[in-house]
Amino acid sequence: MQVTINGESRPIDHPMSLDALLTTLGLDARKVAVERNREIVPRGQYGETSVADGDALEIVHFIGGGAPDTTAAAVADDEGFTVAGRTFRSRLLVGTGKYKDFEETARALEASGAEIVTVAVRRVNVSDPTQPMLMDYVDPKVYTYLPNTAGCFTADDAVRTLRLAREAGGWDLVKLEVLGDQKTLYPDMPETFKAAEALIKDGFKVMVYCNDDPIAAKRLEDMGCEAIMPLGSMIGSGLGVINPVNIRLIKETVSVPVLVDAGVGCASDVAVAMELGVDGVLLNTAIAGAKDPIMMARAMKLAVEAGRLSYLAGRMPKKRYADPSSPLAGLI
C-alpha cells in the first residue's frame with residue numbers, strides 16, 4: 001500500500017495504526033501533530049486511527065521561526081503587559097529563526113530575557129527523525145510558545161497551520177500573519193481579517209500582524225483580537241520604525257496591547273519604538289543576524305527597558321531655540 005507523507009509517496013508493508021506508523025518512522029508522538037486527509041487527528045486517537053492505502057498525512061513540529069531572566073526582565077517600576085489574561089514582565093518578544101543552531105538560539109533567548117518566543121510550524125523530516133527539535137533546546141515549560149503563520153499567503157493556510165499548532169502543543173494564544181507578497185512581506189489585510197474571524201470563532205486568542213493603519217487596527221480589535229502588532233518596517237529589513245506617527249495613533253486608538261512587529265535593526269530602533277508608548281517589541285533578525293547575537297540580545301533587552309523608562313518619565317518639550325541648562329544668575 002502507498003501513502004503520502006509530507007508530500008512524498010511512501011510504501012507501507014501492511015496496514016497499521018497511526019501510532020505504529022510514527023514509531024516506524026522513529027518519531028516521538030508527543031512532539032508532533034498529524035493531519036490525515038486534511039483532518040487533524042487528536043493525539044489521543046493515534047492508536048485507534050488506521051492508516052489506509054492512499055492516505056495523505058502531514059506530520060509537523062515546531063522549528064525556530066518567527067530560562068527568561070526574571071530577575072531583570074523588566075524595569076523596577078514596570079509591571080509588564082497583559083495579553084489574553086496573562087501578564088508578562090518582559091516586553092521583548094523574540095523569534096527563534098535564523099540562528100546558526102539551536103544552541104545559539106537558546107543562549108540568545110536567555111540573554112534577551114524574553115518570556116514569549118515565536119515558533120514556526122513545519123513538516124517533520126521523516127527521512128531523518130533523529131534531527132534535533134526546537135523543544136529539546138527551548139523548553140515550552142519555561143517559555144511561552146507563540147505559534148505563528150510565517151510563510152502563509154492565504155487565510156485558509158494560516159487557519160490550517162494554527163489548528164495543527166494547537167494540536168501539536170495545545171496552545172491557543174497564537175500570532176497571525178497573512179502575507180501579501182514575497183518581496184515586501186507586507187500583510188494582506190483582507191485575508192488577515194478573514195483568518196482572524198475564523199480563528200477567533202474557533203476559540204483561538206489571536207495576536208495579529210498588520211499594517212500601520214489605525215482604522216484596520218481598530219477593526220481587528222473590534223473583531224476580538226487580543227493584541228495588535230503593526231509593522232515597524234518590512235520584515236527582516238532593519239529599517240527601524242518608519243512611520244512613528246501611525247504607530248502612536250494605533251496605540252491611542254485601541255485598548256488591547258500594541259506591539260511593534262518587524263523591521264527593527266538595532267537597539268536604538270527598539271528604544272524609539274518603546275518611547276512611542278507601545279506595550280512591547282517583537283524581533284528576530286536584528287538579533288539572529290547580528291555579528292554577535294548573544295551580545296545583541298542583551299542590548300535589545302536593555303533598549304526595551306530604557307525606552308519604556310523614557311516613555312514613563314515623559315520627555316522634555318521640543319523647542320525652536322536654545323534654552324541654557326545652567327542658571328544665568330551670578331554669572332561672572
# chains A, B, ... in the order shown; residues from 1 in each chain; ligands from 1
>>> select_by_dssp(residues="segment 159-248 of chain A", states="alpha helix (DSSP H)", output="MDAnalysis selection string")
chainID A and resid 159:169 189:201 214:223 244:248
>>> write_last_selection(atoms="N, CA and C atoms", output="tab-separated table (two decimals), in the first residue's frame")
chain	number	residue	atom	x	y	z
A	159	VAL	N	-5.11	29.46	8.90
A	159	VAL	CA	-6.01	28.77	9.83
A	159	VAL	C	-5.61	27.31	9.97
A	160	ARG	N	-5.33	26.68	8.86
A	160	ARG	CA	-4.92	25.26	8.89
A	160	ARG	C	-3.65	25.09	9.70
A	161	THR	N	-2.69	25.98	9.51
A	161	THR	CA	-1.41	25.90	10.22
A	161	THR	C	-1.61	26.01	11.73
A	162	LEU	N	-2.42	26.95	12.15
A	162	LEU	CA	-2.59	27.17	13.59
A	162	LEU	C	-3.44	26.08	14.24
A	163	ARG	N	-4.32	25.47	13.49
A	163	ARG	CA	-5.05	24.33	14.04
A	163	ARG	C	-4.10	23.16	14.29
A	164	LEU	N	-3.14	22.96	13.39
A	164	LEU	CA	-2.12	21.94	13.60
A	164	LEU	C	-1.24	22.29	14.79
A	165	ALA	N	-0.91	23.58	14.91
A	165	ALA	CA	-0.08	24.02	16.04
A	165	ALA	C	-0.76	23.76	17.37
A	166	ARG	N	-2.05	24.01	17.42
A	166	ARG	CA	-2.79	23.75	18.66
A	166	ARG	C	-2.78	22.27	19.01
A	167	GLU	N	-2.88	21.43	18.00
A	167	GLU	CA	-2.85	20.00	18.25
A	167	GLU	C	-1.47	19.56	18.71
A	168	ALA	N	-0.42	20.16	18.16
A	168	ALA	CA	0.95	19.76	18.50
A	168	ALA	C	1.31	20.15	19.92
A	169	GLY	N	0.85	21.31	20.36
A	169	GLY	CA	1.29	21.76	21.68
A	169	GLY	C	0.20	22.21	22.62
A	189	MET	N	-4.26	42.48	4.18
A	189	MET	CA	-5.25	42.78	5.20
A	189	MET	C	-6.61	42.10	4.97
A	190	PRO	N	-7.13	42.04	3.74
A	190	PRO	CA	-8.41	41.30	3.57
A	190	PRO	C	-8.30	39.84	4.02
A	191	GLU	N	-7.20	39.18	3.67
A	191	GLU	CA	-7.02	37.80	4.10
A	191	GLU	C	-6.77	37.71	5.61
A	192	THR	N	-6.12	38.73	6.16
A	192	THR	CA	-5.89	38.78	7.60
A	192	THR	C	-7.21	38.87	8.36
A	193	PHE	N	-8.11	39.74	7.90
A	193	PHE	CA	-9.42	39.85	8.52
A	193	PHE	C	-10.17	38.51	8.46
A	194	LYS	N	-10.11	37.88	7.31
A	194	LYS	CA	-10.80	36.60	7.12
A	194	LYS	C	-10.26	35.54	8.06
A	195	ALA	N	-8.94	35.45	8.16
A	195	ALA	CA	-8.32	34.45	9.03
A	195	ALA	C	-8.60	34.75	10.50
A	196	ALA	N	-8.51	36.02	10.88
A	196	ALA	CA	-8.76	36.39	12.27
A	196	ALA	C	-10.18	36.01	12.69
A	197	GLU	N	-11.13	36.27	11.84
A	197	GLU	CA	-12.52	35.94	12.14
A	197	GLU	C	-12.69	34.43	12.36
A	198	ALA	N	-12.09	33.63	11.47
A	198	ALA	CA	-12.22	32.18	11.58
A	198	ALA	C	-11.53	31.65	12.84
A	199	LEU	N	-10.36	32.18	13.15
A	199	LEU	CA	-9.61	31.69	14.31
A	199	LEU	C	-10.30	32.06	15.62
A	200	ILE	N	-10.79	33.27	15.70
A	200	ILE	CA	-11.49	33.69	16.93
A	200	ILE	C	-12.74	32.85	17.13
A	201	LYS	N	-13.45	32.58	16.06
A	201	LYS	CA	-14.65	31.73	16.13
A	201	LYS	C	-14.29	30.32	16.61
A	214	PRO	N	-4.39	52.80	11.60
A	214	PRO	CA	-5.21	52.84	12.81
A	214	PRO	C	-6.63	52.31	12.59
A	215	ILE	N	-7.19	52.52	11.41
A	215	ILE	CA	-8.55	52.05	11.13
A	215	ILE	C	-8.59	50.53	11.09
A	216	ALA	N	-7.60	49.93	10.41
A	216	ALA	CA	-7.52	48.47	10.36
A	216	ALA	C	-7.27	47.90	11.74
A	217	ALA	N	-6.44	48.57	12.53
A	217	ALA	CA	-6.14	48.10	13.88
A	217	ALA	C	-7.40	48.08	14.74
A	218	LYS	N	-8.21	49.13	14.63
A	218	LYS	CA	-9.44	49.20	15.41
A	218	LYS	C	-10.41	48.10	14.98
A	219	ARG	N	-10.47	47.82	13.69
A	219	ARG	CA	-11.35	46.76	13.21
A	219	ARG	C	-10.93	45.41	13.77
A	220	LEU	N	-9.62	45.16	13.82
A	220	LEU	CA	-9.12	43.90	14.36
A	220	LEU	C	-9.44	43.78	15.84
A	221	GLU	N	-9.31	44.88	16.57
A	221	GLU	CA	-9.68	44.85	17.99
A	221	GLU	C	-11.17	44.55	18.15
A	222	ASP	N	-12.00	45.20	17.35
A	222	ASP	CA	-13.44	45.00	17.44
A	222	ASP	C	-13.83	43.56	17.10
A	223	MET	N	-13.05	42.91	16.26
A	223	MET	CA	-13.32	41.52	15.91
A	223	MET	C	-13.02	40.58	17.08
A	244	PRO	N	6.44	56.45	12.75
A	244	PRO	CA	6.13	56.52	14.18
A	244	PRO	C	4.79	57.20	14.49
A	245	VAL	N	4.37	58.12	13.64
A	245	VAL	CA	3.10	58.81	13.89
A	245	VAL	C	1.94	57.82	13.88
A	246	ASN	N	1.91	56.95	12.88
A	246	ASN	CA	0.82	55.98	12.81
A	246	ASN	C	0.87	54.95	13.93
A	247	ILE	N	2.09	54.56	14.33
A	247	ILE	CA	2.20	53.63	15.45
A	247	ILE	C	1.60	54.26	16.70
A	248	ARG	N	1.90	55.53	16.92
A	248	ARG	CA	1.35	56.22	18.08
A	248	ARG	C	-0.17	56.34	17.98
>>> residues_around(residues="Lys183 of chain A", least_positions_apart="6", cutoff="12 Å", atoms="only C-alpha atoms", output="PyMOL selection string")
chain A and resi 234-237
>>> residues_around(residues="Asp13 of chain A", least_positions_apart="4", cutoff="12 Å", atoms="only C-alpha atoms", output="list in words")
Met1, Gln2, Val3, Leu21, Thr24, Val51, Ala52 and Asp53 of chain A
>>> atom_distance(atom1="atom CA of Glu103 of chain A", atom2="atom CA of Arg308 of chain A")
29.8 Å
>>> select_by_dssp(residues="segment 160-220 of chain A", states="strand (DSSP E or B)", output="ChimeraX atom specification")
/A:173-176,179,187,205-210
>>> residues_around(residues="Tyr209 of chain A", least_positions_apart="6", cutoff="6 Å", atoms="only C-alpha atoms", output="list of chain:residue names")
A:Glu177, A:Met229, A:Pro230
>>> residues_around(residues="Ile287 of chain A", least_positions_apart="2", cutoff="12 Å", atoms="only C-alpha atoms", output="ChimeraX atom specification")
/A:92-100,104-105,107-109,111-112,236,238,262-267,270,282-285,289-301
>>> atom_distance(atom1="atom CA of Phe153 of chain A", atom2="atom CA of Pro42 of chain A")
26.1 Å
>>> decode(residues="segment 268-290 of chain A", atoms="N, CA and C atoms", output="mmCIF file, in the first residue's frame")
data_model
loop_
_atom_site.group_PDB
_atom_site.id
_atom_site.type_symbol
_atom_site.label_atom_id
_atom_site.label_comp_id
_atom_site.auth_asym_id
_atom_site.auth_seq_id
_atom_site.Cartn_x
_atom_site.Cartn_y
_atom_site.Cartn_z
ATOM 1 N N SER A 268 18.780 51.107 19.215
ATOM 2 C CA SER A 268 18.144 52.426 19.176
ATOM 3 C C SER A 268 16.774 52.360 18.507
ATOM 4 N N ASP A 269 16.602 51.484 17.510
ATOM 5 C CA ASP A 269 15.282 51.305 16.892
ATOM 6 C C ASP A 269 14.271 50.819 17.921
ATOM 7 N N VAL A 270 14.688 49.888 18.759
ATOM 8 C CA VAL A 270 13.804 49.342 19.789
ATOM 9 C C VAL A 270 13.440 50.425 20.803
ATOM 10 N N ALA A 271 14.422 51.233 21.198
ATOM 11 C CA ALA A 271 14.149 52.307 22.153
ATOM 12 C C ALA A 271 13.161 53.310 21.572
ATOM 13 N N VAL A 272 13.325 53.634 20.287
ATOM 14 C CA VAL A 272 12.397 54.556 19.620
ATOM 15 C C VAL A 272 10.973 53.994 19.658
ATOM 16 N N ALA A 273 10.841 52.710 19.359
ATOM 17 C CA ALA A 273 9.522 52.087 19.383
ATOM 18 C C ALA A 273 8.907 52.157 20.774
ATOM 19 N N MET A 274 9.688 51.825 21.785
ATOM 20 C CA MET A 274 9.159 51.820 23.148
ATOM 21 C C MET A 274 8.817 53.232 23.627
ATOM 22 N N GLU A 275 9.540 54.223 23.158
ATOM 23 C CA GLU A 275 9.254 55.611 23.557
ATOM 24 C C GLU A 275 7.931 56.108 22.988
ATOM 25 N N LEU A 276 7.372 55.388 22.021
ATOM 26 C CA LEU A 276 6.060 55.740 21.483
ATOM 27 C C LEU A 276 4.939 55.281 22.413
ATOM 28 N N GLY A 277 5.294 54.507 23.425
ATOM 29 C CA GLY A 277 4.306 54.051 24.380
ATOM 30 C C GLY A 277 3.723 52.690 24.085
ATOM 31 N N VAL A 278 4.295 51.979 23.096
ATOM 32 C CA VAL A 278 3.773 50.650 22.787
ATOM 33 C C VAL A 278 4.069 49.696 23.945
ATOM 34 N N ASP A 279 3.374 48.574 23.929
ATOM 35 C CA ASP A 279 3.495 47.633 25.037
ATOM 36 C C ASP A 279 4.666 46.679 24.903
ATOM 37 N N GLY A 280 5.229 46.575 23.717
ATOM 38 C CA GLY A 280 6.366 45.687 23.530
ATOM 39 C C GLY A 280 6.850 45.692 22.102
ATOM 40 N N VAL A 281 7.913 44.936 21.863
ATOM 41 C CA VAL A 281 8.517 44.823 20.537
ATOM 42 C C VAL A 281 8.816 43.355 20.267
ATOM 43 N N LEU A 282 8.458 42.902 19.078
ATOM 44 C CA LEU A 282 8.818 41.555 18.628
ATOM 45 C C LEU A 282 9.873 41.669 17.543
ATOM 46 N N LEU A 283 10.946 40.920 17.689
ATOM 47 C CA LEU A 283 12.012 40.958 16.692
ATOM 48 C C LEU A 283 12.671 39.597 16.581
ATOM 49 N N ASN A 284 13.384 39.391 15.489
ATOM 50 C CA ASN A 284 14.119 38.146 15.280
ATOM 51 C C ASN A 284 15.440 38.412 14.582
ATOM 52 N N THR A 285 15.369 38.896 13.339
ATOM 53 C CA THR A 285 16.579 39.059 12.530
ATOM 54 C C THR A 285 17.583 40.011 13.168
ATOM 55 N N ALA A 286 17.088 41.032 13.868
ATOM 56 C CA ALA A 286 18.002 42.007 14.476
ATOM 57 C C ALA A 286 18.965 41.340 15.449
ATOM 58 N N ILE A 287 18.528 40.263 16.083
ATOM 59 C CA ILE A 287 19.413 39.513 16.973
ATOM 60 C C ILE A 287 20.143 38.423 16.204
ATOM 61 N N ALA A 288 19.378 37.574 15.504
ATOM 62 C CA ALA A 288 19.982 36.425 14.820
ATOM 63 C C ALA A 288 20.955 36.847 13.719
ATOM 64 N N GLY A 289 20.728 38.015 13.105
ATOM 65 C CA GLY A 289 21.586 38.473 12.032
ATOM 66 C C GLY A 289 22.757 39.332 12.467
ATOM 67 N N ALA A 290 22.879 39.561 13.772
ATOM 68 C CA ALA A 290 23.996 40.369 14.282
ATOM 69 C C ALA A 290 25.296 39.562 14.259
#
